[in-house]
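What follows is a single structure, written as structure tokens, with notes after it.
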Amino acid sequence: MTTFWIFIALVVLIGLIMIWVPHFRQQQLLKAEEAGVRKQTNLELFGERLAILEKELQDELLDQAEFDALKKELEINLLQDMKQEGDDSLDAAIKPKSALWPAFMTICLLAISGYFYQQLGAYNEIANPPQANNPHQGMDPAQIMSQRVQMMEAQVQAEPDNSQAWFSLGHAYVSANKYDQAAAAFDKVMELVGTHAELLGPKATALYYKAGQQITPEIQAIIDQSLSLDPQDPSTLLLVGMDAFFTADYTKAIDAWQMILDSDRNDVDRTALMNAIESAKMRMGDNTNTMPNDANHKGMATANANTLAIEVSISNELADKVSDTDIVFIFARATQGPKVPLAATKINAANLPATITLDDSTSMGGDMKLSSVKEVEVIAVLSKNGSVKPQTGDLKGSIDAIAVGGNAKLTLDTLVQ
């Protein structure tokens, strides 16, 4: 950039030299010309007068003494005229040009240069330099994920025997909610490298999300096969623990997650697992888990940019279908990407209406947390049998989209058939 501005300065400087140097040179030439004309005029006048005196001397109109005196006077006058700095009689004939004209040309040069640079040059790029190159600028998460999936699909087409590429594509399909394609990708990996627990676990997870977060007999068979190959496979145990957590079987969830920690594997997020275990232990000892309904706690909920404050209530039409022993599960999951619950909590139906708080402290474990996304959907299920999965006779309500850091009202207004 410095070199560019130096080049611009040199161009402008050359233009100014072309305007002002001829002007100053003309001034000097005019002064020299003026001095030469004045000298020549004085000499001509001296010669004419001297010729007149000589003629008068020849005609004996002047004697020699008068001639010498007048000639000497002419010589003195000539010397005096030569010493004079200027002659007003020459101003009309030789008049130097004003500096207004080159000044006007200078202004025009700068103005025209600036105009053409702004219109044709890179003025906008210099005035507003672009940020670091971001290939995903202006794209939403769904578009970014779609682009990544397309790139991975192109890679496996170019390298159909690349098992690692197929494995990465399978996980990308899960993130893009393409669960059938994800399962097929993991099957392809097993065709290439054989059946392993670390491949069966991700396949079971993809089918689990496809089934609406329910473990079907097919999924249970894959889980059993995976654990028979490796009882401590993290991907499979994570799925087992997550499903147990949702069904309020906290002991089973803790056992599954603790088994991963005991395996001393380096490829797992141990901090997230310990937080998930602590969250399950808290729920084992707390069946209400409500947020106080006073003004101070409400203020805390809305003040935190990574917190959701949800006021949960039951519609008047369904109030007669609620008993005090019912449990209400509330959880949030991202509107874009995999439908993995980011935060969850539960309260007794007897405490409704109530305001609950969802934040990172109520996360489900893993890398995904409420603070990692900008917008979520919130779902509440009033369970008759203690399961987070809606069953016939349960009540359900949801908020399609809410920005993380906001607050909203959620009404249980749907009877599950």
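Going through the structure tokens in order, the chains are called A, B, and so on, while each chain numbers its residues from 1 and the ligands are numbered from 1 in the order shown.
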
I'd like the neighbourhood of Asp255 (chain A) as a ChimeraX atom specification, where a residue qualifies if any of its atoms comes within 10 Å (using only C-alpha atoms), though same-chain residues fewer than 5 positions away should be ignored.
/A:237,240-241,244,250,260-261,277

Write to file, as a CSV table (one decimal), in the first residue's frame, the residues of the selection just made, with N, CA, C and O atoms.
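Below is the file that was written, out-v9.csv:
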chain,number,residue,atom,x,y,z
A,237,LEU,N,-21.5,-45.8,24.2
A,237,LEU,CA,-21.9,-45.5,25.6
A,237,LEU,C,-22.5,-44.1,25.7
A,237,LEU,O,-23.3,-43.9,26.5
A,240,VAL,N,-26.1,-44.6,24.8
A,240,VAL,CA,-26.8,-45.2,25.9
A,240,VAL,C,-27.1,-44.3,27.0
A,240,VAL,O,-28.2,-44.2,27.6
A,241,GLY,N,-26.0,-43.5,27.4
A,241,GLY,CA,-26.2,-42.6,28.5
A,241,GLY,C,-27.2,-41.5,28.2
A,241,GLY,O,-28.0,-41.1,29.0
A,244,ALA,N,-30.7,-42.9,28.3
A,244,ALA,CA,-31.1,-43.1,29.7
A,244,ALA,C,-31.4,-41.8,30.4
A,244,ALA,O,-32.3,-41.7,31.2
A,250,TYR,N,-31.3,-42.1,35.5
A,250,TYR,CA,-30.1,-41.4,35.7
A,250,TYR,C,-28.9,-42.3,36.2
A,250,TYR,O,-27.8,-42.1,35.9
A,260,ILE,N,-17.0,-44.7,30.2
A,260,ILE,CA,-16.1,-44.0,29.3
A,260,ILE,C,-14.9,-43.4,30.0
A,260,ILE,O,-13.8,-43.5,29.5
A,261,LEU,N,-15.2,-42.7,31.1
A,261,LEU,CA,-14.1,-42.1,31.9
A,261,LEU,C,-13.1,-43.1,32.4
A,261,LEU,O,-11.9,-42.9,32.4
A,277,ILE,N,-22.3,-36.2,34.2
A,277,ILE,CA,-22.6,-37.0,35.3
A,277,ILE,C,-23.0,-36.2,36.5
A,277,ILE,O,-24.0,-36.6,37.2

Would you mind writing down, as a PyMOL selection string, each residue of region 95-290 of chain A that DSSP on the backbone assigns to alpha helix (DSSP H)?
chain A and resi 100-120+123-127+141-158+163-175+179-193+197-210+217-229+234-246+250-262+270-284

A straight line from CA of Ile310 (chain A) to CA of Asn407 (chain A) spans 5.6 Å

Can you tell me which residues surround Ala182 (chain A) at a distance of at most 12 Å, considering only C-alpha atoms, apart from same-chain residues fewer than 2 positions away, and format the answer as a count of residues only?
35

Among the residues A:Val388, A:Ala349, A:Leu74, A:Leu227, the one that comes closest to Gln214 (chain A) [using only C-alpha atoms]
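Counting only C-alpha atoms, the residue closest to Gln214 (chain A) is A:Val388.
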
Please list as a count of residues only every residue within 12 Å of Pro231 (chain A), counting only C-alpha atoms and excluding residues in the same chain fewer than 4 positions away.
18

Polymer residues at most 10 Å from region 317-320 of chain A, only C-alpha atoms, same-chain spacing of 4 or more positions, as a list in words
Ser313, Leu395, Leu412, Asp413, Thr414 and Leu415 of chain A

Residues within 12 Å of Pro390 (chain A), please, as a PyMOL selection string. Count only C-alpha atoms; anything in the same chain fewer than 2 positions from it doesn't count.
chain A and resi 212-214+246-247+327-330+379-388+392-397+414-417

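Among the candidate residues A:Leu45, A:Asp230, A:Glu375, A:Pro353, the one lying nearest to Asn316 (chain A) is A:Pro353, with distances computed using only C-alpha atoms.
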